[in-house]
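The file target.pdb comes next; it holds PDB, C-alpha atoms, pLDDT in the B column.
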ATOM      1  CA  MET J   1     -61.845   0.802  16.124  1.00 74.00           C
ATOM      2  CA  LYS J   2     -62.036   4.349  17.305  1.00 85.00           C
ATOM      3  CA  THR J   3     -60.309   7.211  15.505  1.00 86.00           C
ATOM      4  CA  ARG J   4     -57.996   7.646  18.444  1.00 86.00           C
ATOM      5  CA  HIS J   5     -56.818   4.005  18.225  1.00 86.00           C
ATOM      6  CA  LYS J   6     -56.332   4.256  14.454  1.00 88.00           C
ATOM      7  CA  ARG J   7     -54.159   7.332  14.906  1.00 91.00           C
ATOM      8  CA  LEU J   8     -52.121   5.557  17.608  1.00 91.00           C
ATOM      9  CA  VAL J   9     -51.556   2.548  15.330  1.00 91.00           C
ATOM     10  CA  LEU J  10     -50.454   4.840  12.470  1.00 92.00           C
ATOM     11  CA  VAL J  11     -48.015   6.706  14.727  1.00 92.00           C
ATOM     12  CA  ALA J  12     -46.576   3.413  16.049  1.00 93.00           C
ATOM     13  CA  ALA J  13     -46.224   2.047  12.496  1.00 93.00           C
ATOM     14  CA  GLY J  14     -44.529   5.277  11.397  1.00 93.00           C
ATOM     15  CA  LEU J  15     -42.062   5.130  14.289  1.00 93.00           C
ATOM     16  CA  ALA J  16     -41.311   1.463  13.576  1.00 93.00           C
ATOM     17  CA  THR J  17     -40.677   2.263   9.895  1.00 94.00           C
ATOM     18  CA  LEU J  18     -38.444   5.187  10.825  1.00 94.00           C
ATOM     19  CA  GLY J  19     -36.487   3.002  13.267  1.00 93.00           C
ATOM     20  CA  LEU J  20     -36.025   0.282  10.631  1.00 93.00           C
ATOM     21  CA  ALA J  21     -34.814   2.835   8.067  1.00 92.00           C
ATOM     22  CA  ALA J  22     -32.329   4.310  10.556  1.00 91.00           C
ATOM     23  CA  TRP J  23     -31.013   0.834  11.415  1.00 90.00           C
ATOM     24  CA  LEU J  24     -30.536  -0.025   7.717  1.00 89.00           C
ATOM     25  CA  VAL J  25     -28.684   3.241   7.039  1.00 87.00           C
ATOM     26  CA  LEU J  26     -26.395   2.833  10.059  1.00 84.00           C
ATOM     27  CA  SER J  27     -25.582  -0.809   9.283  1.00 82.00           C
ATOM     28  CA  ALA J  28     -24.719   0.086   5.672  1.00 80.00           C
ATOM     29  CA  PHE J  29     -22.560   2.954   6.933  1.00 74.00           C
ATOM     30  CA  LYS J  30     -20.727   0.640   9.338  1.00 70.00           C
ATOM     31  CA  GLN J  31     -19.997  -1.920   6.606  1.00 66.00           C
ATOM     32  CA  ASN J  32     -18.598   0.714   4.238  1.00 67.00           C
ATOM     33  CA  MET J  33     -16.545   2.642   6.789  1.00 67.00           C
ATOM     34  CA  VAL J  34     -12.802   2.427   6.173  1.00 68.00           C
ATOM     35  CA  PHE J  35     -10.392   3.371   8.946  1.00 79.00           C
ATOM     36  CA  PHE J  36      -6.879   4.772   8.575  1.00 84.00           C
ATOM     37  CA  PHE J  37      -3.874   3.141  10.275  1.00 86.00           C
ATOM     38  CA  THR J  38      -0.131   3.698  10.250  1.00 87.00           C
ATOM     39  CA  PRO J  39       2.407   0.871   9.877  1.00 89.00           C
ATOM     40  CA  THR J  40       3.158   1.170  13.617  1.00 87.00           C
ATOM     41  CA  GLN J  41      -0.528   0.713  14.451  1.00 87.00           C
ATOM     42  CA  VAL J  42      -0.743  -2.281  12.094  1.00 87.00           C
ATOM     43  CA  PHE J  43       2.226  -3.955  13.818  1.00 86.00           C
ATOM     44  CA  SER J  44       0.747  -3.267  17.261  1.00 86.00           C
ATOM     45  CA  GLY J  45      -2.431  -5.139  16.235  1.00 85.00           C
ATOM     46  CA  GLU J  46      -4.810  -2.169  16.077  1.00 85.00           C
ATOM     47  CA  ALA J  47      -5.761  -2.809  12.434  1.00 82.00           C
ATOM     48  CA  PRO J  48      -8.825  -4.993  11.768  1.00 81.00           C
ATOM     49  CA  LYS J  49      -8.275  -8.592  10.690  1.00 79.00           C
ATOM     50  CA  GLY J  50     -10.130  -9.615   7.550  1.00 79.00           C
ATOM     51  CA  ARG J  51     -11.550  -6.143   6.868  1.00 83.00           C
ATOM     52  CA  SER J  52     -10.469  -3.451   4.481  1.00 86.00           C
ATOM     53  CA  PHE J  53      -8.630  -0.450   5.930  1.00 88.00           C
ATOM     54  CA  ARG J  54      -6.228   2.267   4.822  1.00 89.00           C
ATOM     55  CA  ILE J  55      -2.556   2.639   5.609  1.00 90.00           C
ATOM     56  CA  GLY J  56      -0.545   5.768   5.087  1.00 87.00           C
ATOM     57  CA  GLY J  57       3.003   6.957   5.231  1.00 87.00           C
ATOM     58  CA  MET J  58       5.977   7.429   2.948  1.00 88.00           C
ATOM     59  CA  VAL J  59       7.110   5.085   0.190  1.00 90.00           C
ATOM     60  CA  GLU J  60      10.545   3.912   1.275  1.00 90.00           C
ATOM     61  CA  ASN J  61      13.355   4.827  -1.113  1.00 91.00           C
ATOM     62  CA  GLY J  62      14.602   1.848  -3.114  1.00 91.00           C
ATOM     63  CA  SER J  63      11.640  -0.356  -2.217  1.00 91.00           C
ATOM     64  CA  LEU J  64       9.578  -0.072  -5.424  1.00 91.00           C
ATOM     65  CA  MET J  65       9.774  -3.270  -7.483  1.00 92.00           C
ATOM     66  CA  ARG J  66       7.757  -4.061 -10.598  1.00 91.00           C
ATOM     67  CA  GLN J  67       6.895  -7.678 -11.337  1.00 90.00           C
ATOM     68  CA  PRO J  68       7.443  -9.203 -14.805  1.00 91.00           C
ATOM     69  CA  ASP J  69       3.694  -9.106 -15.569  1.00 90.00           C
ATOM     70  CA  GLY J  70       3.997  -5.296 -15.793  1.00 84.00           C
ATOM     71  CA  VAL J  71       0.968  -4.674 -13.595  1.00 90.00           C
ATOM     72  CA  THR J  72       1.937  -5.920 -10.140  1.00 93.00           C
ATOM     73  CA  VAL J  73       4.162  -3.744  -7.964  1.00 93.00           C
ATOM     74  CA  THR J  74       5.544  -4.126  -4.475  1.00 93.00           C
ATOM     75  CA  PHE J  75       6.807  -1.346  -2.245  1.00 94.00           C
ATOM     76  CA  VAL J  76       7.275  -0.560   1.426  1.00 93.00           C
ATOM     77  CA  VAL J  77       5.269   2.045   3.337  1.00 92.00           C
ATOM     78  CA  THR J  78       6.938   3.503   6.412  1.00 89.00           C
ATOM     79  CA  ASP J  79       6.054   5.967   9.139  1.00 86.00           C
ATOM     80  CA  THR J  80       9.786   6.105  10.018  1.00 82.00           C
ATOM     81  CA  ALA J  81       9.156   3.792  12.995  1.00 85.00           C
ATOM     82  CA  GLN J  82       7.847   0.655  11.224  1.00 89.00           C
ATOM     83  CA  LYS J  83       7.816  -0.643   7.657  1.00 91.00           C
ATOM     84  CA  LEU J  84       4.952  -2.474   5.981  1.00 92.00           C
ATOM     85  CA  PRO J  85       5.353  -4.298   2.639  1.00 93.00           C
ATOM     86  CA  VAL J  86       2.570  -3.586   0.150  1.00 93.00           C
ATOM     87  CA  THR J  87       1.542  -5.460  -2.997  1.00 94.00           C
ATOM     88  CA  TYR J  88      -0.655  -3.752  -5.572  1.00 94.00           C
ATOM     89  CA  LYS J  89      -1.974  -5.003  -8.886  1.00 94.00           C
ATOM     90  CA  GLY J  90      -2.973  -2.122 -11.126  1.00 90.00           C
ATOM     91  CA  ILE J  91      -1.801   1.161 -12.537  1.00 89.00           C
ATOM     92  CA  LEU J  92      -0.147   3.472 -10.030  1.00 88.00           C
ATOM     93  CA  PRO J  93      -1.068   7.174  -9.919  1.00 88.00           C
ATOM     94  CA  ASP J  94       1.204   9.525 -11.886  1.00 85.00           C
ATOM     95  CA  LEU J  95       2.376  11.251  -8.693  1.00 85.00           C
ATOM     96  CA  PHE J  96       3.390   7.975  -7.009  1.00 87.00           C
ATOM     97  CA  LYS J  97       7.136   8.079  -6.270  1.00 87.00           C
ATOM     98  CA  GLU J  98       9.603   6.732  -3.757  1.00 88.00           C
ATOM     99  CA  GLY J  99      10.115   9.078  -0.838  1.00 85.00           C
ATOM    100  CA  LYS J 100       6.641  10.613  -1.259  1.00 86.00           C
ATOM    101  CA  GLY J 101       3.439  10.238   0.731  1.00 86.00           C
ATOM    102  CA  VAL J 102       0.970   7.489  -0.087  1.00 89.00           C
ATOM    103  CA  VAL J 103      -2.341   6.143   1.184  1.00 90.00           C
ATOM    104  CA  ALA J 104      -3.320   2.588   0.221  1.00 91.00           C
ATOM    105  CA  GLN J 105      -6.586   0.776   0.854  1.00 90.00           C
ATOM    106  CA  GLY J 106      -6.735  -2.996   1.188  1.00 92.00           C
ATOM    107  CA  LYS J 107      -6.320  -5.919   3.591  1.00 91.00           C
ATOM    108  CA  LEU J 108      -3.546  -7.808   5.330  1.00 89.00           C
ATOM    109  CA  ASP J 109      -2.803 -11.282   3.984  1.00 87.00           C
ATOM    110  CA  ASN J 110      -1.766 -14.291   6.087  1.00 84.00           C
ATOM    111  CA  GLN J 111       1.946 -13.419   5.805  1.00 83.00           C
ATOM    112  CA  GLY J 112       1.465  -9.886   7.164  1.00 80.00           C
ATOM    113  CA  LYS J 113       1.798  -8.192   3.770  1.00 88.00           C
ATOM    114  CA  PHE J 114      -0.697  -5.504   2.870  1.00 91.00           C
ATOM    115  CA  VAL J 115      -2.559  -6.290  -0.362  1.00 93.00           C
ATOM    116  CA  ALA J 116      -3.794  -2.979  -1.742  1.00 92.00           C
ATOM    117  CA  GLU J 117      -6.931  -2.599  -3.807  1.00 92.00           C
ATOM    118  CA  GLU J 118      -6.375   1.125  -4.326  1.00 91.00           C
ATOM    119  CA  VAL J 119      -3.321   3.389  -4.090  1.00 91.00           C
ATOM    120  CA  LEU J 120      -3.555   7.158  -3.716  1.00 87.00           C
ATOM    121  CA  ALA J 121      -0.609   9.537  -4.026  1.00 81.00           C
ATOM    122  CA  LYS J 122      -0.513  13.003  -2.575  1.00 66.00           C
ATOM    123  CA  HIS J 123      -1.525  15.589  -5.141  1.00 57.00           C
ATOM    124  CA  ASP J 124       0.643  18.496  -4.127  1.00 54.00           C
ATOM    125  CA  GLU J 125       4.033  19.095  -2.571  1.00 51.00           C
ATOM    126  CA  ASN J 126       2.551  20.654   0.570  1.00 56.00           C
ATOM    127  CA  TYR J 127      -0.346  18.254   1.169  1.00 57.00           C
ATOM    128  CA  MET J 128      -0.327  15.175   3.334  1.00 60.00           C
ATOM    129  CA  PRO J 129      -3.438  13.595   4.866  1.00 62.00           C
ATOM    130  CA  PRO J 130      -3.693  14.786   8.485  1.00 69.00           C
ATOM    131  CA  ASP J 131      -3.549  11.238   9.868  1.00 66.00           C
ATOM    132  CA  ALA J 132      -0.446  10.457   7.804  1.00 65.00           C
ATOM    133  CA  ALA J 133       1.253  13.685   8.885  1.00 69.00           C
ATOM    134  CA  TYR J 134       0.485  12.895  12.546  1.00 73.00           C
ATOM    135  CA  ALA J 135       1.815   9.341  12.130  1.00 69.00           C
ATOM    136  CA  MET J 136       5.014  10.601  10.516  1.00 69.00           C
ATOM    137  CA  LYS J 137       5.514  13.080  13.354  1.00 75.00           C
ATOM    138  CA  LYS J 138       4.989  10.370  15.995  1.00 74.00           C
ATOM    139  CA  GLY J 139       7.379   8.021  14.172  1.00 72.00           C
ATOM    140  CA  GLN J 140      10.073  10.690  13.983  1.00 74.00           C
ATOM    141  CA  GLU J 141       9.639  11.461  17.687  1.00 79.00           C
ATOM    142  CA  ALA J 142      10.000   7.757  18.534  1.00 75.00           C
ATOM    143  CA  ASN J 143      13.164   7.531  16.409  1.00 72.00           C
ATOM    144  CA  GLN J 144      14.617  10.627  18.089  1.00 78.00           C
ATOM    145  CA  LYS J 145      13.897   9.194  21.560  1.00 78.00           C
ATOM    146  CA  ALA J 146      15.510   5.880  20.584  1.00 73.00           C
ATOM    147  CA  ALA J 147      18.550   7.683  19.171  1.00 73.00           C
ATOM    148  CA  ALA J 148      18.837   9.804  22.317  1.00 75.00           C
ATOM    149  CA  ALA J 149      18.612   6.714  24.520  1.00 72.00           C
ATOM    150  CA  GLY J 150      21.308   5.034  22.399  1.00 64.00           C
ATOM    151  CA  THR J 151      23.568   8.085  22.717  1.00 58.00           C
ATOM    152  CA  MET J 152      23.075   8.149  26.493  1.00 52.00           C
ATOM    153  CA  ALA J 153      23.926   4.444  26.709  1.00 52.00           C
ATOM    154  CA  LYS J 154      27.166   5.034  24.748  1.00 52.00           C
ATOM    155  CA  ASP J 155      28.075   8.011  26.948  1.00 54.00           C
ATOM    156  CA  ALA J 156      27.490   5.964  30.099  1.00 54.00           C
ATOM    157  CA  LYS J 157      30.049   3.334  28.990  1.00 53.00           C
TER     158      LYS J 157
END
Would you give me this structure, written as C-alpha cells?
Amino acid sequence: MKTRHKRLVLVAAGLATLGLAAWLVLSAFKQNMVFFFTPTQVFSGEAPKGRSFRIGGMVENGSLMRQPDGVTVTFVVTDTAQKLPVTYKGILPDLFKEGKGVVAQGKLDNQGKFVAEEVLAKHDENYMPPDAAYAMKKGQEANQKAAAAGTMAKDAK
C-alpha cells in the first residue's frame, strides 16, 4: 500500500472514531437531560411519560402531610392555575415550607401523582428559578382572565 493510501485510511479511521465518540457523548447527554414543567404543562400532557422530569411552583398552604413512617411526605405543588399532588420519601430541605417555591424531580405514577426522587427548596427570599417564576406569572394571568370573564358574566345578567 502506498503512503498516500495509508494516510487516507488513518484519516478515515480517525474521523470514524471521532464520530463514534460524539455519538456516545450526545446519547449519554440525552439520557441524562431533565426537563422542567409546571403543573399546568403536566396536566396538558406536555410532560414525558415514564421519564424523569422536574416540576416547579409553590407548595400549597395546608397541603403538607407527613405519613406515620416519619419519612414519607405528601404535598401539593401549584402554579396558581393547576395543582399537582407530590409524594416524597426522604428528608426535606430545611427551607422547605408551605407557601414557598419548590422544584421536585421525579416521575408521574399511574394515578397521576408525582413521585419525587429529589426536592429542592429556594435558598433565598428573592430567588425563584426562572422557569418557575414564568409559570407562576402565566398561572396568575390565567386566573385574572378567568376572574375577569366571571365578573363580566355576572354583570351581563
Counting only C-alpha atoms, find the residues whose atoms lie at most 12 Å from (-4.2, -11.8, 4.1) (file coordinates) and write them out as a short mmCIF file (atom, residue, chain, number, x, y, z; two decimals) with C-alpha atoms, in the frame of the given file.
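Everything below was put into point-v2.cif:
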data_model
loop_
_atom_site.label_atom_id
_atom_site.label_comp_id
_atom_site.auth_asym_id
_atom_site.auth_seq_id
_atom_site.Cartn_x
_atom_site.Cartn_y
_atom_site.Cartn_z
CA PRO J 48 -8.82 -4.99 11.77
CA LYS J 49 -8.28 -8.59 10.69
CA GLY J 50 -10.13 -9.62 7.55
CA ARG J 51 -11.55 -6.14 6.87
CA SER J 52 -10.47 -3.45 4.48
CA VAL J 86 2.57 -3.59 0.15
CA THR J 87 1.54 -5.46 -3.00
CA GLY J 106 -6.74 -3.00 1.19
CA LYS J 107 -6.32 -5.92 3.59
CA LEU J 108 -3.55 -7.81 5.33
CA ASP J 109 -2.80 -11.28 3.98
CA ASN J 110 -1.77 -14.29 6.09
CA GLN J 111 1.95 -13.42 5.80
CA GLY J 112 1.46 -9.89 7.16
CA LYS J 113 1.80 -8.19 3.77
CA PHE J 114 -0.70 -5.50 2.87
CA VAL J 115 -2.56 -6.29 -0.36
CA ALA J 116 -3.79 -2.98 -1.74
#
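You can rank J:Thr3, J:Gln144, J:Thr17, J:Ser63 by their closest distance to Leu84 in chain J using only C-alpha atoms, and at the top of that list sits J:Ser63.
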Can you measure CA of Ala28 in chain J to CA of Val103 in chain J for me? One decimal in Å is fine.
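Pair CA of Ala28 in chain J / CA of Val103 in chain J returns 23.6 Å.
Rounded to one decimal, CA of Lys30 in chain J and CA of Ala47 in chain J lie 15.7 Å from each other.
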For Met65 in chain J, find every residue with an atom within 8 Å (counting all atoms listed in the file), except residues of its own chain fewer than 2 positions away, and show them as an MDAnalysis selection string.
chainID J and resid 63 67 73:75
Per residue of range 20-39 of chain J within 10 Å of range 57-60 of chain J, record the nearest atom pair and its distance in Å to one decimal, counting only C-alpha atoms, with rows in chain order and ascending residue number, as JSON lines.
{"residue": "J:Phe37", "atom": "CA", "partner": "J:Gly57", "partner_atom": "CA", "distance": 9.3}
{"residue": "J:Thr38", "atom": "CA", "partner": "J:Gly57", "partner_atom": "CA", "distance": 6.8}
{"residue": "J:Pro39", "atom": "CA", "partner": "J:Gly57", "partner_atom": "CA", "distance": 7.7}
Quick one: residues within 8 Å of Val102 in chain J, only C-alpha atoms, excluding same-chain residues fewer than 4 positions away - as a list of chain:residue names?
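After dropping sequence-adjacent residues, the list is J:Gly56, J:Gly57, J:Met58, J:Val59, J:Val77, J:Phe96, J:Val119, J:Leu120, J:Ala121, J:Lys122.
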Output file for the selection above: C-alpha atoms, as a PDB file, keeping the file's coordinate frame:
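Output contents, as saved in again_22.pdb:
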ATOM      1  CA  GLY J  56      -0.545   5.768   5.087  1.00 87.00           C
ATOM      2  CA  GLY J  57       3.003   6.957   5.231  1.00 87.00           C
ATOM      3  CA  MET J  58       5.977   7.429   2.948  1.00 88.00           C
ATOM      4  CA  VAL J  59       7.110   5.085   0.190  1.00 90.00           C
ATOM      5  CA  VAL J  77       5.269   2.045   3.337  1.00 92.00           C
ATOM      6  CA  PHE J  96       3.390   7.975  -7.009  1.00 87.00           C
ATOM      7  CA  VAL J 119      -3.321   3.389  -4.090  1.00 91.00           C
ATOM      8  CA  LEU J 120      -3.555   7.158  -3.716  1.00 87.00           C
ATOM      9  CA  ALA J 121      -0.609   9.537  -4.026  1.00 81.00           C
ATOM     10  CA  LYS J 122      -0.513  13.003  -2.575  1.00 66.00           C
TER      11      LYS J 122
END
Of the candidates J:Lys100, J:Lys145, J:Arg7, J:Lys2, which shows the shortest atom-to-atom distance to Asp79 in chain J, using only C-alpha atoms?
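For Asp79 in chain J, the nearest of the given residues is J:Lys100.
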What gap, in Å, lies between CA of Thr40 in chain J and CA of Ala81 in chain J?
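About the pair CA of Thr40 in chain J and CA of Ala81 in chain J: they are 6.6 Å apart.
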Is it possible to get the axis-aligned box enclosing range 48-53 of chain J (all listed atoms, 6 Å extra per side) as lines of an AutoDock Vina configuration file, with centre and edge lengths in Å rounded to one decimal?
center_x = -9.9
center_y = -5.0
center_z = 8.1
size_x = 15.3
size_y = 21.2
size_z = 19.3
Expanded to explicit residues, what is the PyMOL selection byres ((chain J and resi 70) around 12) for this file, as number ranges by chain?
J: 65-69, 71-74, 88-92
List the residues selected by the PyMOL selection byres ((chain J and resi 80) around 7) in the file shown, writing them as an NGL selection string.
:J and (78-79 or 81-82 or 136 or 139-140)
